[in-house]
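Asker: So I've got this file, work_10.tsv, and it contains TSV, C-alpha atoms:
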chain	number	residue	atom	x	y	z
W	180	MET	CA	-10.83	8.03	-18.75
W	181	PRO	CA	-11.92	11.68	-18.60
W	182	GLN	CA	-9.09	14.18	-18.47
W	183	GLY	CA	-8.70	17.12	-16.12
W	184	ARG	CA	-8.45	17.99	-12.41
W	185	PHE	CA	-9.99	15.37	-10.18
W	186	GLN	CA	-12.56	17.72	-8.67
W	187	ASP	CA	-13.70	18.72	-12.18
W	188	ILE	CA	-14.15	15.15	-13.41
W	189	ARG	CA	-15.21	13.46	-10.17
W	190	ALA	CA	-18.92	13.43	-11.01
W	191	GLU	CA	-18.23	11.85	-14.40
W	192	LEU	CA	-15.93	9.26	-12.80
W	193	GLU	CA	-18.71	8.31	-10.38
W	194	VAL	CA	-21.22	7.92	-13.23
W	195	ARG	CA	-18.78	5.74	-15.17
W	196	ALA	CA	-17.86	3.67	-12.12
W	197	ARG	CA	-21.49	2.91	-11.31
W	198	ALA	CA	-22.02	1.95	-14.96
W	199	GLY	CA	-19.24	-0.66	-14.75
W	200	ASP	CA	-15.99	1.18	-15.51
W	201	ALA	CA	-13.43	-0.50	-13.22
W	202	GLN	CA	-10.69	2.03	-13.99
W	203	ALA	CA	-12.96	4.93	-13.03
W	204	ALA	CA	-13.87	3.17	-9.77
W	205	TYR	CA	-10.18	2.54	-9.04
W	206	ARG	CA	-9.25	6.17	-9.64
W	207	LEU	CA	-11.95	7.27	-7.19
W	208	GLY	CA	-10.77	4.79	-4.57
W	209	GLU	CA	-7.11	5.63	-5.08
W	210	VAL	CA	-7.62	9.38	-4.74
W	211	LEU	CA	-10.11	9.28	-1.87
W	212	GLY	CA	-7.89	6.85	0.00
W	213	ARG	CA	-4.50	8.45	-0.54
W	214	CYS	CA	-5.16	12.16	-1.02
W	215	ARG	CA	-7.47	13.24	1.82
W	216	ASN	CA	-4.60	14.63	3.86
W	217	TYR	CA	-2.25	15.43	1.00
W	218	GLN	CA	-0.50	18.79	1.13
W	219	PRO	CA	1.45	19.81	-1.99
W	220	MET	CA	5.02	20.85	-1.30
W	221	PRO	CA	7.71	21.58	-3.91
W	222	GLY	CA	10.77	19.34	-3.65
W	223	GLY	CA	13.04	22.15	-2.50
W	224	GLU	CA	10.69	23.11	0.32
W	225	PHE	CA	10.42	19.46	1.36
W	226	THR	CA	14.17	18.96	1.66
W	227	GLU	CA	14.52	22.29	3.49
W	228	MET	CA	11.84	21.17	5.95
W	229	LEU	CA	13.75	17.94	6.63
W	230	ALA	CA	16.98	19.88	7.11
W	231	ARG	CA	15.30	22.22	9.62
W	232	ALA	CA	13.81	19.26	11.49
W	233	MET	CA	17.24	17.62	11.79
W	234	ALA	CA	18.91	20.85	12.92
W	235	LYS	CA	16.22	21.90	15.36
W	236	THR	CA	17.02	19.52	18.18
W	237	ASN	CA	19.78	17.29	19.45
W	238	VAL	CA	17.25	14.47	19.90
W	239	TYR	CA	16.53	13.38	16.35
W	240	LEU	CA	13.03	12.39	15.31
W	241	ARG	CA	12.92	8.64	14.72
W	242	ILE	CA	10.84	6.85	12.10
W	243	GLY	CA	11.00	3.06	11.94
W	244	GLY	CA	13.80	3.16	14.49
W	245	ARG	CA	15.92	5.47	12.30
W	246	THR	CA	16.85	9.12	12.61
W	247	LEU	CA	16.12	11.62	9.88
W	248	ASP	CA	19.77	11.81	8.87
W	249	ASP	CA	19.73	8.13	7.85
W	250	PRO	CA	20.26	8.02	4.03
W	251	GLN	CA	17.89	5.07	3.56
W	252	LEU	CA	15.12	6.80	5.51
W	253	LEU	CA	15.61	9.92	3.41
W	254	ASP	CA	15.32	7.76	0.27
W	255	VAL	CA	12.05	6.33	1.60
W	256	MET	CA	10.57	9.72	2.43
W	257	LEU	CA	11.47	11.14	-0.99
W	258	TYR	CA	10.12	8.03	-2.71
W	259	VAL	CA	6.82	8.24	-0.81
W	260	LYS	CA	6.55	11.95	-1.56
W	261	ASP	CA	7.10	11.38	-5.29
W	262	LYS	CA	4.39	8.70	-5.36
W	263	ALA	CA	1.96	10.94	-3.48
W	264	ASP	CA	2.69	13.83	-5.84
W	265	ALA	CA	2.02	11.61	-8.86
W	266	ILE	CA	-1.37	10.48	-7.51
W	267	CYS	CA	-2.55	13.61	-5.72
W	268	GLY	CA	-0.79	16.52	-7.39
W	269	ASP	CA	-3.85	17.80	-9.27
W	270	VAL	CA	-6.53	16.70	-6.82
W	271	GLY	CA	-7.06	19.76	-4.65
W	272	ASP	CA	-8.62	19.93	-1.19
W	273	LEU	CA	-10.72	16.85	-0.33
W	274	SER	CA	-11.22	17.58	3.37
W	275	ALA	CA	-14.91	18.44	3.01
W	276	SER	CA	-15.86	15.83	0.44
W	277	ALA	CA	-14.12	12.56	1.37
W	278	ARG	CA	-15.13	10.30	4.22
W	279	ALA	CA	-13.51	7.27	5.78
W	280	GLY	CA	-14.98	4.27	3.99
W	281	ASP	CA	-15.41	5.95	0.60
W	282	ALA	CA	-12.11	4.59	-0.73
W	283	ARG	CA	-12.94	1.04	0.37
W	284	ALA	CA	-16.32	1.13	-1.34
W	285	TRP	CA	-14.93	2.27	-4.69
W	286	LEU	CA	-11.99	-0.14	-4.52
W	287	GLU	CA	-14.35	-3.01	-3.77
W	288	LEU	CA	-16.44	-2.05	-6.79
W	289	ALA	CA	-13.33	-1.93	-9.01
W	290	ALA	CA	-11.98	-5.22	-7.64
W	291	GLU	CA	-15.28	-7.00	-8.25
W	292	ARG	CA	-14.96	-5.91	-11.87
W	293	GLY	CA	-11.50	-7.42	-12.19
W	294	HIS	CA	-9.14	-4.50	-11.51
W	295	THR	CA	-6.04	-6.16	-10.04
W	296	ARG	CA	-4.54	-3.02	-8.48
W	297	ALA	CA	-7.85	-2.41	-6.72
W	298	MET	CA	-7.61	-5.99	-5.41
W	299	VAL	CA	-4.14	-5.20	-4.09
W	300	ASP	CA	-5.08	-1.87	-2.49
W	301	TYR	CA	-8.40	-2.94	-0.97
W	302	GLY	CA	-6.89	-4.33	2.24
W	303	GLU	CA	-5.02	-1.11	2.93
W	304	PHE	CA	-8.32	0.78	3.29
W	305	ALA	CA	-10.66	-2.04	4.32
W	306	PHE	CA	-10.91	-0.98	7.96
W	307	GLU	CA	-10.27	2.77	7.90
W	308	ASP	CA	-13.86	3.56	8.91
W	309	LEU	CA	-13.44	1.26	11.95
W	310	PRO	CA	-10.44	2.96	13.58
W	311	SER	CA	-10.65	1.70	17.18
W	312	GLU	CA	-10.59	-1.71	18.84
W	313	GLY	CA	-14.14	-1.05	20.02
W	314	ASP	CA	-15.30	-0.34	16.46
W	315	LEU	CA	-13.73	-3.57	15.25
W	316	LEU	CA	-15.39	-5.58	18.03
W	317	ASP	CA	-18.77	-3.93	17.52
W	318	HIS	CA	-18.69	-4.81	13.82
W	319	ALA	CA	-17.03	-8.23	14.08
W	320	ALA	CA	-19.08	-9.86	11.32
W	321	GLU	CA	-18.32	-7.04	8.87
W	322	VAL	CA	-14.63	-7.10	9.85
W	323	ALA	CA	-14.51	-10.83	9.12
W	324	ARG	CA	-16.23	-10.28	5.76
W	325	ARG	CA	-13.79	-7.59	4.72
W	326	ARG	CA	-10.77	-9.59	5.89
W	327	GLU	CA	-11.80	-12.59	3.83
W	328	LEU	CA	-12.57	-10.34	0.88
W	329	ALA	CA	-9.09	-8.80	1.15
W	330	ARG	CA	-7.52	-12.27	1.37
W	331	GLY	CA	-9.42	-13.44	-1.69
W	332	TYR	CA	-8.56	-10.33	-3.68
W	333	LEU	CA	-4.85	-10.73	-2.93
W	334	GLN	CA	-4.96	-14.36	-4.01
W	335	ARG	CA	-6.70	-13.41	-7.25
W	336	ALA	CA	-4.22	-10.59	-7.94
W	337	PHE	CA	-1.31	-12.94	-7.18
W	338	GLN	CA	-2.61	-15.55	-9.61
W	339	ALA	CA	-3.22	-12.84	-12.22
W	340	GLY	CA	0.48	-11.92	-12.07
W	341	GLU	CA	0.12	-8.53	-10.36
W	342	PRO	CA	3.55	-7.96	-8.73
W	343	GLU	CA	2.22	-5.43	-6.20
W	344	SER	CA	0.24	-8.29	-4.65
W	345	LEU	CA	3.55	-9.66	-3.33
W	346	LEU	CA	4.31	-6.37	-1.60
W	347	ALA	CA	0.78	-6.20	-0.19
W	348	LEU	CA	1.01	-9.78	1.10
W	349	ALA	CA	4.29	-8.92	2.81
W	350	ALA	CA	2.55	-6.02	4.58
W	351	ALA	CA	-0.53	-8.12	5.40
W	352	HIS	CA	1.71	-10.53	7.35
W	353	GLY	CA	4.13	-7.85	8.57
W	354	ASN	CA	3.56	-4.23	9.50
W	355	LYS	CA	-0.20	-4.31	8.66
W	356	PRO	CA	-0.99	-7.86	9.79
W	357	TYR	CA	-4.70	-8.13	9.01
W	358	LEU	CA	-4.02	-11.63	7.62
W	359	GLY	CA	-2.06	-12.66	10.72
W	360	ARG	CA	1.46	-11.65	11.73
W	361	ASP	CA	4.11	-14.01	10.38
W	362	THR	CA	7.50	-12.39	9.97
W	363	THR	CA	8.98	-15.24	7.91
W	364	GLN	CA	6.05	-15.13	5.47
W	365	ALA	CA	6.23	-11.36	5.30
W	366	LEU	CA	9.94	-11.43	4.53
W	367	ALA	CA	9.49	-14.21	1.97
W	368	TYR	CA	6.81	-12.34	0.05
W	369	PHE	CA	9.01	-9.26	0.07
W	370	LYS	CA	12.03	-11.17	-1.19
W	371	ALA	CA	9.87	-12.60	-3.98
W	372	TYR	CA	8.77	-9.06	-4.86
W	373	ARG	CA	12.40	-7.92	-5.04
W	374	ALA	CA	12.98	-10.56	-7.75
W	375	THR	CA	10.23	-9.18	-10.04
W	376	ASP	CA	10.71	-6.46	-12.64
W	377	ALA	CA	8.62	-4.10	-10.48
W	378	GLY	CA	10.82	-4.82	-7.48
W	379	SER	CA	13.99	-4.20	-9.46
W	380	ARG	CA	12.74	-0.70	-10.32
W	381	MET	CA	12.26	0.32	-6.69
W	382	PRO	CA	15.20	2.37	-5.33
W	383	ALA	CA	17.77	0.21	-3.55
W	384	GLY	CA	17.61	2.29	-0.37
W	385	VAL	CA	13.84	1.83	-0.17
W	386	LEU	CA	14.11	-1.93	-0.69
W	387	SER	CA	16.74	-2.26	2.02
W	388	PHE	CA	14.75	-0.14	4.45
W	389	ILE	CA	11.58	-2.22	3.99
W	390	GLU	CA	13.42	-5.52	4.30
W	391	GLN	CA	15.12	-4.46	7.50
W	392	GLN	CA	11.75	-3.45	8.97
W	393	LEU	CA	10.32	-6.90	8.17
W	394	ALA	CA	13.22	-9.09	9.32
W	395	ALA	CA	14.17	-9.99	12.86
W	396	PRO	CA	17.69	-8.66	13.51
W	397	ASP	CA	20.51	-11.18	13.10
W	398	ASP	CA	18.17	-14.18	12.77
W	399	ALA	CA	20.00	-16.51	10.40
W	400	THR	CA	17.38	-19.25	10.69
W	401	GLN	CA	14.57	-16.88	9.71
W	402	ALA	CA	16.62	-15.53	6.82
W	403	ALA	CA	17.25	-19.04	5.45
W	404	ASP	CA	13.61	-20.06	5.87
W	405	ALA	CA	12.47	-16.87	4.16
W	406	GLU	CA	14.83	-17.46	1.21
W	407	ARG	CA	13.43	-20.98	0.71
W	408	ARG	CA	9.85	-19.77	1.02
W	409	ALA	CA	10.51	-16.84	-1.32
W	410	ALA	CA	11.72	-19.23	-4.05
W	411	GLN	CA	8.49	-21.24	-3.72
W	412	ILE	CA	6.36	-18.09	-3.81
W	413	LEU	CA	8.17	-16.68	-6.83
W	414	GLN	CA	7.80	-19.96	-8.75
W	415	ALA	CA	4.06	-20.03	-7.99
W	416	PHE	CA	3.74	-16.38	-9.00
W	417	GLN	CA	5.49	-16.98	-12.32
W	418	GLN	CA	3.27	-20.01	-12.97
W	419	ARG	CA	0.11	-18.04	-12.06
W	420	ARG	CA	-0.93	-20.45	-9.32
W	421	ALA	CA	-1.48	-20.19	-5.59
W	422	PRO	CA	1.65	-20.86	-3.50
W	423	ARG	CA	1.62	-24.05	-1.45
Translate this structure into structure tokens?
Answerer:
Amino acid sequence: MPQGRFQDIRAELEVRARAGDAQAAYRLGEVLGRCRNYQPMPGGEFTEMLARAMAKTNVYLRIGGRTLDDPQLLDVMLYVKDKADAICGDVGDLSASARAGDARAWLELAAERGHTRAMVDYGEFAFEDLPSEGDLLDHAAEVARRRELARGYLQRAFQAGEPESLLALAAAHGNKPYLGRDTTQALAYFKAYRATDAGSRMPAGVLSFIEQQLAAPDDATQAADAERRAAQILQAFQQRRAPR
């Protein structure tokens, strides 16, 4: 991979990607998908901004049903910021040179060449250039193609042993249900992810926050069903086969 600021090496990445370099194609898709609206902010400024937001009003801003003074929500926001900084910190301003749909195209190219993280991320950006219900209806055949492509990519990544596929499958049945909303399936995939090495490295507050967003409150039957399903999914994942 070429080294340097993204804007300085972007042309070379595009040449390499078109010539068959899956990692170059993935880097293009990752940056153009995640960094278009990125604004760098030192950690101290970020925490000060949160403190001002909490102190500004008696009616706290809520995210995911939680107020900004919730420790788990703060863990999530700091975790997301750290990930964005790692991907986008040296990218610079993309506002004039990145369009909706660019990320999907590069990720599709990378996925077709076997890049498992591109397979995982494809669904997240598959429909960003079709933002309204009308757009989705007007392009129904293309929407169906992309949905099936995303489904197939996730299955391939799962069977290749890519742990992030479990997290993406949880989202695809949960808060981003392009594969059909199923809260028990979503929770089961997430529980399986928690049992992987990648899941064990995620901060505990972030894990708890995500799980609580996926689960129905106080539903013991769903929790038991999800635990059983998670065991089946994890076994299939470890054996590199599709779950039944």
Asker: Given the choices W:Gly313, W:Pro342, W:Gly302, W:Pro221, which gets closest to W:Arg373 if the distance is worked out from all atoms listed in the file?
Answerer: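 When distances to W:Arg373 are compared using all atoms listed in the file, the smallest one comes from W:Pro342.
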Asker: Pick out the closest residue to W:Gly212 from this set: W:Leu345, W:Ala190, W:Ala277, W:Leu257. Count all atoms listed in the file.
Answerer: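 So, comparing all the options, the nearest one is W:Ala277.
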Asker: Tell me, in Å to one decimal, how far atom CA of W:Asn216 is from atom CA of W:Pro181.
Answerer: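 Computing the Euclidean distance for atom CA of W:Asn216 and atom CA of W:Pro181 yields 23.8 Å.
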Asker: If you count only C-alpha atoms, which residues fall within 12 Å of W:Gly353, apart from same-chain ones fewer than 2 positions away, as a short mmCIF file (atom, residue, chain, number, x, y, z; two decimals) with C-alpha atoms, keeping the file's coordinate frame?
Answerer:
data_model
loop_
_atom_site.label_atom_id
_atom_site.label_comp_id
_atom_site.auth_asym_id
_atom_site.auth_seq_id
_atom_site.Cartn_x
_atom_site.Cartn_y
_atom_site.Cartn_z
CA LEU W 346 4.31 -6.37 -1.60
CA ALA W 347 0.78 -6.20 -0.19
CA LEU W 348 1.01 -9.78 1.10
CA ALA W 349 4.29 -8.92 2.81
CA ALA W 350 2.55 -6.02 4.58
CA ALA W 351 -0.53 -8.12 5.40
CA LYS W 355 -0.20 -4.31 8.66
CA PRO W 356 -0.99 -7.86 9.79
CA TYR W 357 -4.70 -8.13 9.01
CA LEU W 358 -4.02 -11.63 7.62
CA GLY W 359 -2.06 -12.66 10.72
CA ARG W 360 1.46 -11.65 11.73
CA ASP W 361 4.11 -14.01 10.38
CA THR W 362 7.50 -12.39 9.97
CA THR W 363 8.98 -15.24 7.91
CA GLN W 364 6.05 -15.13 5.47
CA ALA W 365 6.23 -11.36 5.30
CA LEU W 366 9.94 -11.43 4.53
CA ALA W 367 9.49 -14.21 1.97
CA TYR W 368 6.81 -12.34 0.05
CA PHE W 369 9.01 -9.26 0.07
CA ILE W 389 11.58 -2.22 3.99
CA GLU W 390 13.42 -5.52 4.30
CA GLN W 391 15.12 -4.46 7.50
CA GLN W 392 11.75 -3.45 8.97
CA LEU W 393 10.32 -6.90 8.17
CA ALA W 394 13.22 -9.09 9.32
CA ALA W 395 14.17 -9.99 12.86
#
Asker: Between atom CA of W:Ser387 and atom CA of W:Asp249, measure the distance and give it in Å to one decimal.
Answerer: 12.3 Å
Asker: Of the candidates W:Gly199, W:Pro219, W:Pro422, W:Gly208, which shows the shortest atom-to-atom distance to W:Phe304, using only C-alpha atoms?
Answerer: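 Among the listed residues, the smallest separation from W:Phe304 belongs to W:Gly208.
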Asker: Atom CA of W:Asp200 and atom CA of W:His294 are how many Å apart?
Answerer: 9.8 Å
Asker: From the options W:Ala196, W:Leu273, W:Met298, W:Ala374, which residue's atoms come nearest to W:Gln334, counting all atoms listed in the file?
Answerer: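 Checking each of W:Ala196, W:Leu273, W:Met298, W:Ala374 against W:Gln334, counting all atoms listed in the file, the winner is W:Met298.
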Asker: Counting all atoms listed in the file, what is within 10 Å of W:Asp254, bar same-chain residues fewer than 2 positions away, as an NGL selection string?
Answerer: :W and (249-252 or 256-260 or 382-386 or 388)
Asker: Which of these, W:Ala405, W:Ile266, W:Ala201, W:Met180, has the shortest distance to W:Ala289 once you count only C-alpha atoms?
Answerer: W:Ala201
Asker: Using only C-alpha atoms, determine which residues lie at most 12 Å from W:Gly293, disregarding the query and same-chain residues fewer than 6 positions distant; provide the list as a short mmCIF file (atom, residue, chain, number, x, y, z; two decimals) with C-alpha atoms, in the coordinates of the input.
Answerer:
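Final file, selection.cif:
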data_model
loop_
_atom_site.label_atom_id
_atom_site.label_comp_id
_atom_site.auth_asym_id
_atom_site.auth_seq_id
_atom_site.Cartn_x
_atom_site.Cartn_y
_atom_site.Cartn_z
CA GLY W 199 -19.24 -0.66 -14.75
CA ASP W 200 -15.99 1.18 -15.51
CA ALA W 201 -13.43 -0.50 -13.22
CA GLN W 202 -10.69 2.03 -13.99
CA ALA W 204 -13.87 3.17 -9.77
CA TYR W 205 -10.18 2.54 -9.04
CA LEU W 286 -11.99 -0.14 -4.52
CA GLU W 287 -14.35 -3.01 -3.77
CA VAL W 299 -4.14 -5.20 -4.09
CA TYR W 332 -8.56 -10.33 -3.68
CA LEU W 333 -4.85 -10.73 -2.93
CA ARG W 335 -6.70 -13.41 -7.25
CA ALA W 336 -4.22 -10.59 -7.94
CA ALA W 339 -3.22 -12.84 -12.22
CA GLU W 341 0.12 -8.53 -10.36
#
Asker: Ranking W:Phe185, W:Phe416, W:Tyr372, W:Phe337 by minimum distance to W:Arg296 and counting all atoms listed in the file, which one comes first?
Answerer: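 Going through W:Phe185, W:Phe416, W:Tyr372, W:Phe337 one by one, the smallest distance to W:Arg296 is for W:Phe337.
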